[in-house]
Amino acid sequence: MTDTIPDLSLHRSCPYGPPDQAAELRERGPVARVRLFDGSTPWLVTGHAEARALLSDPRVSSDRSAPGFPMPVPTPGPRPSNLSATLIANDPPVHSRLRRMVIPSFTVRKVAALKPKIEAIVTERLDAMLAAGSPADLMADFALPVPSRVICELLGVPYEDHEFFEEQSRRRLDADGQAIQNLIKYLHDLVGRKIDNPGDGLLDDLIAEQLREGALDHTELATMGMVMLIAGHDTTANMITLGTLALLSTPDQLAKVRADEAAIPGAVEELLRYLTIAGTLSRIATDDIELGGRTIKAGEGVLVASAVANREQSDDLDVDHPLRQHLAFGFGIHQCLGQNLARAELEIAFTQLFRRIPTLRPAVPLDEVPRRDNALLSGVTALPVSW
Ligand code: HEM
């Protein structure tokens with residue numbers, strides 16, 4: 001029997017639905033080969049238990065400069081020079097050293113202390129959106145400015161520069177790689193200014209505690225800042241819009257959220273799983289690994305299809321019964337640094353949005369909502385709403 005290897009697409013016909021390929025991929029078993037845009041055929045893990053096992057296995061590496069490191073979509077090269085100090089592209093001990101520098105700023109306690117600020121930002125954005133009147137673009141008027149302002153506060157990046165960094169961040173996968181270079185230069189200059197004129201933010205703390213001690217150099221700090229700036233606003237903005245769209249499109253679930261605000265933290269957790277906007281996670285094996293009845297050989301690439309694995313337990317959205325062992329924030333040592341912050345932002349954003357605009361509804365049919373749809377990040381680019 002010839003067993004053709006399927007091309008990976010992970011396209012979602014419905015913006016808040018699972019990848020169209022999910023059932024076909026699952027049928028091939030929890031671990032099976034898949035073909036990428038560049039013709040390579042890494043392993044794809046679609047089983048939930050197998051995904052957790054792989055992501056917590058010390059025999060996988062996140063070193064994106066390794067030959068054969070699988071990326072599900074074309075990314076601008078050369079990769080390694082951009083990623084010297086990013087958490088996401090490093091293994092222990094470098095990864096552990098970098099993560100220790102920033103983790104204290106993202107603990108539950110630190111995020112709890114930020115909540116009044118997040119509340120104020122959300123209130124201000126909703127005041128402005130309501131004052132401008134219906135209809136509005138929930139992405140541009142609410143979902144993007146909220147996490148953008150929050151991450152600026154946390155890092156000590158001037159929010160006046162948001163149009164620049166949001167635009168560059170949107171273009172970060174462009175083939176010429178210019179957007180990433182622009183962002184690194186921006187952060188490099190900002191760190192330079194902060195060295196002379198310290199301010200109040202995580203970048204300033206890192207200058208005082210790490211740069212001056214020689215634990216990080218100027219470029220490494222700029223790269224680290226860039227990743228936190230991008231990761232800190234883009235994903236959360238997509239979760240706010242897509243989460244709102246999913247709820248507005250599922251009236252029985254929306255009714256539960258509207259009836260009882262205490263249901264919102266559970267709804268956030270369930271939406272994270274159900275939507276899994278970061279749909280694939282990339283690794284490369286450093287040793288032979290037995291997984292799901294297959295042998296992944298040392299040097300072979302592995303993609304974890306978290307968007308498929310997270311739908312294994314249920315394909316339904318049930319805000320009353322969130323399935324918590326999900327992979328929306330990844331799993332293992334690279335599990336999302338900003339997950340406490342993201343949860344707080346989503347909870348506050350949904351609470352105020354549905355409390356203050358009880359008649360909120362999409363202003364265009366579902367198939368006219370402009371999409372962003374790739375295996376790395378799924379979402380919408382705008383969400384016209386009215387009330
Ligand atoms: C709902 C919003 C978010 C989602 C869905 C999300 C998703 C993820 C996922 C899936 C990973 C793991 C990647 C991997 O294992 O390859 C990750 C890592 C990461 N996230 Fe998030 N994220 C979100 C918000 C944030 C925020 C607000 C920040 C703020 C700084 C952030 C910063 C990071 C960083 C720095 C990493 C790399 C961690 C490491 O490698 O140790 N994320 N995120």
# chains A, B, ... in the order shown; residues from 1 in each chain; ligands from 1
>>> residues_near_ligand(ligand="ligand 1", cutoff="8 Å", atoms="only C-alpha atoms and all ligand atoms", output="ChimeraX atom specification")
/A:55,62,86-90,95-96,99,106,147,151,224,227-239,272,276-283,327-343,346
>>> select_by_dssp(residues="stretch 233-304 of chain A", states="alpha helix (DSSP H)", output="number ranges by chain")
A: 233-248, 251-259, 264-275
>>> atom_distance(atom1="atom CA of A:Leu248", atom2="atom CA of A:Pro362")
7.4 Å
>>> atom_distance(atom1="atom CA of A:Lys117", atom2="atom CA of A:Ser148")
12.9 Å
>>> atom_distance(atom1="atom CA of A:Leu247", atom2="atom CA of A:Ala136")
17.6 Å
>>> residues_around(residues="stretch 28-35 of chain A", least_positions_apart="2", cutoff="10 Å", atoms="only C-alpha atoms", output="PyMOL selection string")
chain A and resi 3-9+23-26+37-51+72+291-296+301-304+309
>>> closest_atom_pairs(of="stretch 324-369 of chain A", to="stretch 126-131 of chain A", cutoff="9 Å", atoms="only C-alpha atoms", output="Markdown table")
| residue | atom | partner | partner_atom | distance |
| --- | --- | --- | --- | --- |
| A:Gln352 | CA | A:Leu126 | CA | 8.2 |
| A:Leu353 | CA | A:Leu126 | CA | 7.4 |
| A:Arg356 | CA | A:Leu126 | CA | 8.2 |
| A:Ile357 | CA | A:Leu130 | CA | 8.7 |
>>> select_by_dssp(residues="stretch 32-268 of chain A", states="strand (DSSP E or B)", output="ChimeraX atom specification")
/A:32-33,35,43-45,60-61,136-137
